[in-house]
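Source file: model-v3.txt (compact mmCIF, C-alpha atoms)
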# COMPACT_ATOMS: atom_id res chain seq x y z
CA MET A 152 161.33 -108.20 -71.45
CA ARG A 153 159.52 -111.43 -72.08
CA SER A 154 156.14 -111.32 -73.76
CA ARG A 155 153.30 -112.85 -71.83
CA GLN A 156 152.40 -116.27 -73.17
CA TYR A 157 148.96 -117.75 -72.67
CA GLY A 158 148.66 -121.47 -72.41
CA PRO A 159 145.81 -123.57 -73.71
CA ASP A 160 142.29 -123.17 -72.29
CA LEU A 161 142.24 -125.49 -69.32
CA THR A 162 138.51 -125.01 -68.58
CA PRO A 163 136.97 -128.46 -68.14
CA PRO A 164 134.67 -129.37 -71.07
CA TRP A 165 131.64 -129.70 -68.79
CA LYS A 166 132.08 -126.08 -67.70
CA LYS A 167 132.32 -124.62 -71.18
CA PRO A 168 129.11 -123.05 -72.49
CA VAL A 169 127.59 -125.17 -75.22
CA PRO A 170 126.91 -123.06 -78.30
CA VAL A 171 123.25 -122.79 -79.22
CA PRO A 172 121.72 -121.96 -82.60
CA GLU A 173 120.67 -118.44 -83.45
CA VAL A 174 117.13 -118.34 -84.81
CA PRO A 175 115.58 -115.33 -86.60
CA ALA A 176 112.50 -114.17 -84.71
CA GLU A 177 110.21 -114.41 -87.71
CA THR A 178 106.54 -113.48 -87.35
CA ASP A 179 104.37 -116.34 -86.00
CA LEU A 180 107.36 -118.38 -84.78
CA VAL A 181 106.24 -120.08 -81.54
CA VAL A 182 108.79 -120.08 -78.71
CA GLU A 183 108.92 -120.31 -74.92
CA GLU A 184 110.74 -117.78 -72.77
CA VAL A 185 113.12 -119.68 -70.50
CA GLY A 186 112.77 -117.57 -67.36
CA THR A 187 108.98 -117.34 -67.17
CA GLY A 188 107.76 -120.27 -69.25
CA PHE A 189 105.58 -117.89 -71.26
CA CYS A 190 104.83 -119.51 -74.62
CA GLY A 191 103.61 -117.56 -77.62
CA ALA A 192 103.98 -116.57 -81.24
CA VAL A 193 106.31 -113.80 -82.31
CA ILE A 194 104.40 -110.63 -83.20
CA ARG A 195 107.24 -108.17 -83.69
CA CYS A 196 110.83 -107.31 -82.86
CA GLU A 197 111.86 -103.84 -81.76
CA LYS A 198 115.11 -102.03 -81.19
CA THR A 199 115.14 -100.24 -77.82
CA ALA A 200 117.68 -98.32 -75.79
CA GLN A 201 118.12 -101.40 -73.59
CA GLY A 202 118.63 -103.69 -76.59
CA PRO A 203 116.40 -105.65 -78.97
CA THR A 204 113.11 -107.02 -77.68
CA VAL A 205 110.56 -109.49 -78.96
CA THR A 206 106.80 -109.42 -78.35
CA LEU A 207 105.01 -112.76 -77.96
CA GLU A 208 101.28 -113.47 -78.08
CA ASP A 209 99.92 -116.54 -76.31
CA ARG A 210 96.85 -118.54 -77.34
CA PHE A 211 94.62 -116.35 -75.19
CA GLY A 212 95.74 -113.18 -76.99
CA LYS A 213 97.93 -111.96 -74.10
CA HIS A 214 101.08 -110.06 -75.09
CA ARG A 215 104.46 -110.07 -73.29
CA VAL A 216 107.67 -108.27 -74.23
CA PHE A 217 111.03 -109.96 -73.55
CA PRO A 218 114.65 -108.93 -74.13
CA MET A 219 116.31 -111.02 -76.82
CA GLU A 220 119.03 -112.34 -74.56
CA PRO A 221 121.39 -115.17 -75.50
CA ARG A 222 120.00 -118.62 -74.69
CA GLY A 223 116.77 -116.96 -73.64
CA PHE A 224 114.17 -119.09 -75.43
CA LEU A 225 113.12 -122.64 -76.16
CA LEU A 226 112.17 -123.71 -79.66
CA GLU A 227 110.60 -127.16 -79.80
CA GLY A 228 112.28 -127.93 -76.49
CA ARG A 229 115.76 -126.76 -77.56
CA VAL A 230 117.52 -123.70 -76.14
CA VAL A 231 118.05 -121.04 -78.80
CA THR A 232 119.08 -117.42 -79.10
CA LEU A 233 116.56 -115.28 -80.90
CA VAL A 234 117.95 -112.66 -83.26
CA ARG A 235 116.30 -110.01 -85.34
CA PRO A 236 115.22 -111.26 -88.78
CA PRO A 237 117.37 -110.17 -91.75
CA SER A 238 114.58 -107.93 -92.96
CA ALA A 239 114.35 -104.66 -91.09
CA ALA A 240 110.64 -105.13 -90.75
CA THR A 241 108.81 -108.43 -90.72
CA PRO A 242 105.20 -107.32 -90.48
CA ARG A 243 102.53 -109.47 -89.01
CA PRO A 244 99.93 -110.52 -91.59
CA THR A 245 97.70 -107.47 -91.94
CA ARG A 246 93.95 -107.53 -92.24
CA THR A 247 91.55 -105.82 -94.55
CA ALA A 248 89.00 -103.29 -93.28
CA SER A 249 86.48 -106.14 -93.05
CA GLY A 250 88.76 -108.12 -90.72
CA SER A 251 89.84 -110.69 -93.31
CA VAL A 252 93.50 -111.65 -93.61
CA ALA A 253 95.02 -109.49 -96.35
CA VAL A 254 96.64 -111.17 -99.35
CA PRO A 255 99.62 -108.98 -100.32
CA GLY A 256 100.01 -108.59 -104.06
CA ALA A 257 96.78 -110.42 -104.85
CA ARG A 258 95.24 -109.46 -108.16
CA ALA A 259 91.58 -108.71 -108.59
CA ARG A 260 89.66 -111.70 -109.86
CA VAL A 261 87.78 -111.47 -113.13
CA ALA A 262 84.27 -110.32 -112.23
CA ARG A 263 81.74 -113.05 -111.55
CA ALA A 264 78.41 -113.15 -113.28
CA GLY A 265 76.81 -112.80 -109.85
CA ARG A 266 76.23 -109.38 -108.32
CA ILE A 267 75.33 -107.64 -105.09
CA TYR A 268 72.77 -104.87 -105.40
CA VAL A 269 72.35 -102.17 -102.76
CA GLU A 270 69.75 -99.43 -102.61
CA GLY A 271 71.80 -96.29 -103.06
CA ARG A 272 75.17 -94.75 -103.70
CA HIS A 273 75.91 -94.26 -100.02
CA ASP A 274 75.31 -97.97 -99.38
CA ALA A 275 77.67 -98.86 -102.22
CA GLU A 276 80.39 -96.52 -100.98
CA LEU A 277 80.18 -97.90 -97.46
CA VAL A 278 80.38 -101.51 -98.67
CA GLU A 279 83.37 -100.61 -100.86
CA ARG A 280 85.15 -98.88 -97.97
CA VAL A 281 84.95 -101.90 -95.66
CA TRP A 282 84.72 -104.90 -98.01
CA GLY A 283 86.35 -103.53 -101.17
CA ASP A 284 89.55 -105.60 -100.91
CA ASP A 285 87.59 -108.79 -100.28
CA LEU A 286 85.18 -108.13 -103.13
CA ARG A 287 87.98 -107.59 -105.64
CA ILE A 288 89.70 -110.84 -104.65
CA GLU A 289 86.37 -112.68 -104.95
CA GLY A 290 85.44 -110.95 -108.20
CA VAL A 291 82.17 -109.58 -106.84
CA VAL A 292 80.74 -106.36 -108.28
CA VAL A 293 78.45 -104.14 -106.19
CA GLU A 294 75.87 -101.97 -107.96
CA TYR A 295 73.31 -99.55 -106.58
CA LEU A 296 69.68 -99.28 -107.60
CA GLU A 297 68.41 -95.90 -106.34
CA GLY A 298 65.63 -97.67 -104.46
CA ILE A 299 63.96 -101.08 -104.62
CA ASP A 300 60.42 -100.20 -105.72
CA ASP A 301 60.99 -102.15 -108.95
CA LEU A 302 62.94 -105.00 -107.34
CA PRO A 303 60.88 -107.88 -108.82
CA ALA A 304 61.37 -106.51 -112.35
CA ILE A 305 65.08 -105.88 -111.66
CA VAL A 306 65.52 -109.47 -110.52
CA ALA A 307 63.70 -110.80 -113.59
CA ASP A 308 65.85 -108.67 -115.87
CA PHE A 309 69.03 -109.92 -114.16
CA ALA A 310 67.98 -113.54 -114.88
CA PRO A 311 69.70 -115.17 -111.88
CA ALA A 312 71.07 -118.69 -112.22
CA PRO A 313 73.20 -121.09 -110.14
CA ASP A 314 76.33 -119.61 -111.71
CA ALA A 315 75.02 -116.02 -111.55
CA ARG A 316 73.51 -115.41 -108.17
CA LEU A 317 72.10 -112.12 -107.03
CA GLY A 318 72.32 -110.71 -103.53
CA VAL A 319 70.29 -107.66 -102.52
CA LEU A 320 70.84 -105.45 -99.47
CA VAL A 321 67.75 -103.51 -98.39
CA ASP A 322 67.47 -100.58 -95.99
CA HIS A 323 64.82 -100.65 -93.24
CA LEU A 324 63.88 -104.28 -93.81
CA VAL A 325 61.60 -104.76 -90.80
CA PRO A 326 58.25 -106.58 -90.49
CA GLY A 327 55.36 -104.58 -91.94
CA SER A 328 57.48 -102.09 -93.84
CA LYS A 329 57.11 -101.30 -97.52
CA GLU A 330 60.54 -102.75 -98.05
CA SER A 331 59.56 -106.08 -96.49
CA ARG A 332 56.49 -106.33 -98.74
CA ILE A 333 58.60 -105.72 -101.85
CA ALA A 334 61.29 -108.18 -100.74
CA GLY A 335 58.58 -110.78 -100.14
CA GLN A 336 57.75 -110.77 -103.85
CA VAL A 337 61.15 -112.26 -104.71
CA SER A 338 61.28 -116.03 -104.32
CA ASP A 339 64.00 -117.16 -106.75
CA ALA A 340 66.36 -119.69 -105.14
CA ASN A 341 69.31 -117.93 -106.78
CA VAL A 342 68.46 -114.60 -105.15
CA LEU A 343 69.06 -113.66 -101.53
CA VAL A 344 67.39 -110.52 -100.19
CA VAL A 345 68.55 -109.42 -96.75
CA GLY A 346 68.45 -106.12 -94.96
CA HIS A 347 69.21 -104.10 -91.88
CA PRO A 348 66.71 -102.33 -89.59
CA TYR A 349 67.99 -98.79 -90.09
CA ILE A 350 66.04 -96.12 -91.93
CA ASP A 351 69.18 -95.24 -93.83
CA VAL A 352 72.63 -96.77 -94.06
CA TRP A 353 73.99 -93.72 -92.19
CA GLU A 354 72.59 -95.29 -89.01
CA ALA A 355 74.60 -98.45 -89.62
CA VAL A 356 77.73 -96.46 -88.70
CA LYS A 357 78.29 -96.52 -84.95
CA PRO A 358 77.63 -93.09 -83.38
CA SER A 359 80.92 -93.32 -81.49
CA ALA A 360 82.80 -93.54 -84.79
CA VAL A 361 81.19 -90.31 -85.96
CA GLY A 362 81.79 -88.59 -82.64
CA ILE A 363 78.15 -88.34 -81.52
CA SER A 364 76.33 -89.97 -78.63
CA ALA A 365 73.45 -91.32 -80.74
CA TRP A 366 71.69 -90.85 -84.05
CA PRO A 367 68.90 -88.30 -83.62
CA ARG A 368 65.24 -89.26 -83.83
CA VAL A 369 63.67 -87.52 -86.80
CA PRO A 370 59.90 -86.80 -86.75
CA ARG A 371 57.88 -88.94 -89.13
CA GLY A 372 57.23 -87.22 -92.44
CA GLN A 373 60.45 -85.20 -92.36
CA ASP A 374 63.35 -86.07 -94.66
CA TRP A 375 65.52 -88.21 -92.42
CA LYS A 376 68.95 -87.06 -93.61
CA THR A 377 68.01 -83.40 -93.51
CA GLY A 378 66.56 -83.89 -90.05
CA VAL A 379 69.73 -85.57 -88.83
CA CYS A 380 71.88 -82.71 -90.09
CA GLY A 381 69.63 -80.15 -88.38
CA ALA A 382 69.55 -82.02 -85.08
CA LEU A 383 73.32 -82.39 -85.03
CA GLY A 384 73.95 -78.77 -86.01
CA TRP A 385 75.58 -79.79 -89.28
CA PRO A 386 75.15 -77.77 -92.49
CA GLY A 387 72.16 -78.87 -94.53
CA ASN A 388 74.31 -80.31 -97.32
CA THR A 389 73.57 -84.03 -96.93
CA GLY A 390 76.25 -84.96 -99.45
CA ALA A 391 78.92 -83.25 -97.37
CA ALA A 392 77.46 -84.84 -94.24
CA TRP A 393 77.79 -88.27 -95.78
CA GLN A 394 81.43 -87.67 -96.69
CA ARG A 395 82.03 -86.72 -93.08
CA ILE A 396 80.39 -89.96 -91.92
CA LEU A 397 82.17 -92.11 -94.48
CA ALA A 398 85.55 -90.65 -93.54
CA SER A 399 84.95 -91.79 -89.95
CA VAL A 400 84.70 -95.45 -91.02
CA HIS A 401 88.08 -97.19 -90.95
CA SER A 402 87.12 -100.83 -90.48
CA TYR A 403 84.29 -103.21 -89.63
CA ARG A 404 84.62 -102.11 -85.98
CA ASP A 405 82.97 -98.81 -86.92
CA LEU A 406 79.80 -100.51 -88.20
CA GLU A 407 76.82 -102.02 -86.42
CA PRO A 408 76.64 -105.84 -86.33
CA ALA A 409 73.21 -105.75 -87.98
CA LEU A 410 74.87 -104.52 -91.19
CA LEU A 411 78.07 -106.54 -90.90
CA GLY A 412 76.32 -109.86 -90.75
CA ARG A 413 74.07 -109.14 -93.72
CA VAL A 414 76.89 -108.05 -96.03
CA GLU A 415 78.99 -111.09 -95.11
CA GLU A 416 75.95 -113.27 -95.78
CA LEU A 417 75.53 -111.79 -99.25
CA ILE A 418 79.21 -112.24 -100.12
CA ASP A 419 79.06 -115.88 -99.03
CA PHE A 420 75.90 -116.43 -101.06
CA VAL A 421 77.17 -115.06 -104.36
CA THR A 422 80.58 -116.75 -104.05
CA ALA A 423 79.39 -120.19 -102.89
CA PRO A 424 80.05 -123.15 -105.21
CA GLU A 425 77.40 -123.75 -107.83
CA PHE A 426 74.56 -126.03 -106.99
CA GLY A 427 72.05 -127.73 -109.24

Using structure tokens, write down the structure from this file.
Amino acid sequence: MRSRQYGPDLTPPWKKPVPVPEVPAETDLVVEEVGTGFCGAVIRCEKTAQGPTVTLEDRFGKHRVFPMEPRGFLLEGRVVTLVRPPSAATPRPTRTASGSVAVPGARARVARAGRIYVEGRHDAELVERVWGDDLRIEGVVVEYLEGIDDLPAIVADFAPAPDARLGVLVDHLVPGSKESRIAGQVSDANVLVVGHPYIDVWEAVKPSAVGISAWPRVPRGQDWKTGVCGALGWPGNTGAAWQRILASVHSYRDLEPALLGRVEELIDFVTAPEFG
């Protein structure tokens, strides 16, 4: 019995598929899907029952998922085959709780001479929870004062200078308030005093984050925190109540813009290049 012999491949050259390069679908690689013309940056690759897929994000933030088929994408006008990157997971650049791009492995900077002062411990803990990573990279230390009644003396004692600026975050800084009168006594060019309109920093946390419809109105003359706990049916331990509130804050999205803008302003102020 003669063995079957196969002759040479007689397929005409113009009918043979031209090999195309395989390109790892690394995060942020910009490609165009051949079938739809959708162009976007790679966000992630996933292994599914139907085969590997790639998710692209276009310049408008729209996401589309495509199978990673051979010859399925264009890279700089050339047909390519996307393949999964060698690493099992190529994460997209993550962000800190404040929304800044995270810097993996970054070491904390040596503390600056400048400082940010906040009124109380709760304010300091909230700032640390959302901006802590950013502050460590910038070398900014946050301290709390237990009130601002002595703010002018505190500023004088700090001795601010162009290379040692002081930023101060004040609760309930609204026209006509005691806080606004005290803040008005500080006029040093190396000091920035800003504030939010809330009676207490608790209110700067969005009610939806805490799981309530709104922060209660507390009658004038009553301790605000105690009144809030009573109105919400929480135990009267305000320390425990604060821990409950703080635990509900996961990122800047859980805070009111009136606080976000002021803290960012202070960080920019104390980290800006020196001026004469």

Checklist outcome for this item: Using all atoms listed in the file, the shortest atom-to-atom distance to Ile305 in chain A among A:Leu277, A:Val337, A:Val185, A:Val325 belongs to A:Val337

Next on the checklist: Just checking: using only C-alpha atoms, which residue out of A:Gly390, A:Pro326, A:Pro170, A:Pro303 ends up closest to Val230 in chain A?
Outcome noted: A:Pro170

Item to check | Shell of 7 Å around range 362-370 of chain A, all atoms listed in the file, local chain residues under 5 positions omitted, as JSON, numbers by chain | outcome: {"A": [354, 375, 378, 379, 382]}

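Minimum atom-to-atom distance to Ala340 in chain A, evaluated using all atoms listed in the file, belongs to A:Val421 out of A:Asp285, A:Val421, A:Leu233, A:Ser402.
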
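A straight line drawn from CA of Val181 in chain A to CA of Gly223 in chain A is 13.5 Å long.
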
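The nearest approach to Arg413 in chain A among the residues A:Arg222, A:Arg287, A:His214, A:His347, with only C-alpha atoms taken into account, belongs to A:His347.
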
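For the residues A:Val321, A:Leu410, A:Val281, A:Ala262, ranking by smallest atom-to-atom distance to Glu297 in chain A using all atoms listed in the file places A:Val321 first.
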
Checklist entry - Leaving out Pro313 in chain A and any residue of its chain fewer than 5 positions from it, which residues lie within 12 Å of it when counting all atoms listed in the file, given as a PyMOL selection string? => result chain A and resi 263-265+339-342+420-427

Could those selected residues go to a file with C-alpha atoms, as an mmCIF file, keeping the file's coordinate frame?
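Listed below is the output, part36.cif:
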data_model
loop_
_atom_site.group_PDB
_atom_site.id
_atom_site.type_symbol
_atom_site.label_atom_id
_atom_site.label_comp_id
_atom_site.auth_asym_id
_atom_site.auth_seq_id
_atom_site.Cartn_x
_atom_site.Cartn_y
_atom_site.Cartn_z
ATOM 1 C CA ARG A 263 81.740 -113.050 -111.550
ATOM 2 C CA ALA A 264 78.410 -113.150 -113.280
ATOM 3 C CA GLY A 265 76.810 -112.800 -109.850
ATOM 4 C CA ASP A 339 64.000 -117.160 -106.750
ATOM 5 C CA ALA A 340 66.360 -119.690 -105.140
ATOM 6 C CA ASN A 341 69.310 -117.930 -106.780
ATOM 7 C CA VAL A 342 68.460 -114.600 -105.150
ATOM 8 C CA PHE A 420 75.900 -116.430 -101.060
ATOM 9 C CA VAL A 421 77.170 -115.060 -104.360
ATOM 10 C CA THR A 422 80.580 -116.750 -104.050
ATOM 11 C CA ALA A 423 79.390 -120.190 -102.890
ATOM 12 C CA PRO A 424 80.050 -123.150 -105.210
ATOM 13 C CA GLU A 425 77.400 -123.750 -107.830
ATOM 14 C CA PHE A 426 74.560 -126.030 -106.990
ATOM 15 C CA GLY A 427 72.050 -127.730 -109.240
#

Checklist entry - At a cut-off of 12 Å from (81.7, -99.2, -96.5) in the coordinates of the file, what residues are picked up using all atoms listed in the file, written as number ranges by chain? => result A: 248-249, 269, 272-286, 293, 352-353, 355-356, 393-394, 396-407, 410-411, 414

Any chance you could export the current selection's C-alpha atoms as a CSV table (one decimal), keeping the file's coordinate frame?
chain,number,residue,atom,x,y,z
A,248,ALA,CA,89.0,-103.3,-93.3
A,249,SER,CA,86.5,-106.1,-93.0
A,269,VAL,CA,72.4,-102.2,-102.8
A,272,ARG,CA,75.2,-94.8,-103.7
A,273,HIS,CA,75.9,-94.3,-100.0
A,274,ASP,CA,75.3,-98.0,-99.4
A,275,ALA,CA,77.7,-98.9,-102.2
A,276,GLU,CA,80.4,-96.5,-101.0
A,277,LEU,CA,80.2,-97.9,-97.5
A,278,VAL,CA,80.4,-101.5,-98.7
A,279,GLU,CA,83.4,-100.6,-100.9
A,280,ARG,CA,85.2,-98.9,-98.0
A,281,VAL,CA,85.0,-101.9,-95.7
A,282,TRP,CA,84.7,-104.9,-98.0
A,283,GLY,CA,86.4,-103.5,-101.2
A,284,ASP,CA,89.6,-105.6,-100.9
A,285,ASP,CA,87.6,-108.8,-100.3
A,286,LEU,CA,85.2,-108.1,-103.1
A,293,VAL,CA,78.4,-104.1,-106.2
A,352,VAL,CA,72.6,-96.8,-94.1
A,353,TRP,CA,74.0,-93.7,-92.2
A,355,ALA,CA,74.6,-98.4,-89.6
A,356,VAL,CA,77.7,-96.5,-88.7
A,393,TRP,CA,77.8,-88.3,-95.8
A,394,GLN,CA,81.4,-87.7,-96.7
A,396,ILE,CA,80.4,-90.0,-91.9
A,397,LEU,CA,82.2,-92.1,-94.5
A,398,ALA,CA,85.6,-90.6,-93.5
A,399,SER,CA,85.0,-91.8,-90.0
A,400,VAL,CA,84.7,-95.4,-91.0
A,401,HIS,CA,88.1,-97.2,-91.0
A,402,SER,CA,87.1,-100.8,-90.5
A,403,TYR,CA,84.3,-103.2,-89.6
A,404,ARG,CA,84.6,-102.1,-86.0
A,405,ASP,CA,83.0,-98.8,-86.9
A,406,LEU,CA,79.8,-100.5,-88.2
A,407,GLU,CA,76.8,-102.0,-86.4
A,410,LEU,CA,74.9,-104.5,-91.2
A,411,LEU,CA,78.1,-106.5,-90.9
A,414,VAL,CA,76.9,-108.0,-96.0

Please list as a compact mmCIF listing (two decimals) with C-alpha atoms, keeping the file's coordinate frame every residue within 9 Å of Glu294 in chain A, counting all atoms listed in the file and excluding residues in the same chain fewer than 2 positions away.
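The resulting result15.txt:
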# COMPACT_ATOMS: atom_id res chain seq x y z
CA ARG A 266 76.23 -109.38 -108.32
CA ILE A 267 75.33 -107.64 -105.09
CA TYR A 268 72.77 -104.87 -105.40
CA VAL A 269 72.35 -102.17 -102.76
CA GLU A 270 69.75 -99.43 -102.61
CA GLY A 271 71.80 -96.29 -103.06
CA ARG A 272 75.17 -94.75 -103.70
CA ALA A 275 77.67 -98.86 -102.22
CA VAL A 292 80.74 -106.36 -108.28
CA LEU A 296 69.68 -99.28 -107.60

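Take the candidates A:Glu220, A:Glu289, A:Glu415, A:Asp300 and check each one against Pro203 in chain A using only C-alpha atoms; the shortest distance goes to A:Glu220.
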
Quick one: 4 Å padding each side, axis-aligned, all listed atoms of range 321-328 of chain A - centre and edge lengths in Å to one decimal, as lines of an AutoDock Vina configuration file?
center_x = 61.6
center_y = -103.6
center_z = -94.4
size_x = 20.4
size_y = 14.0
size_z = 15.9
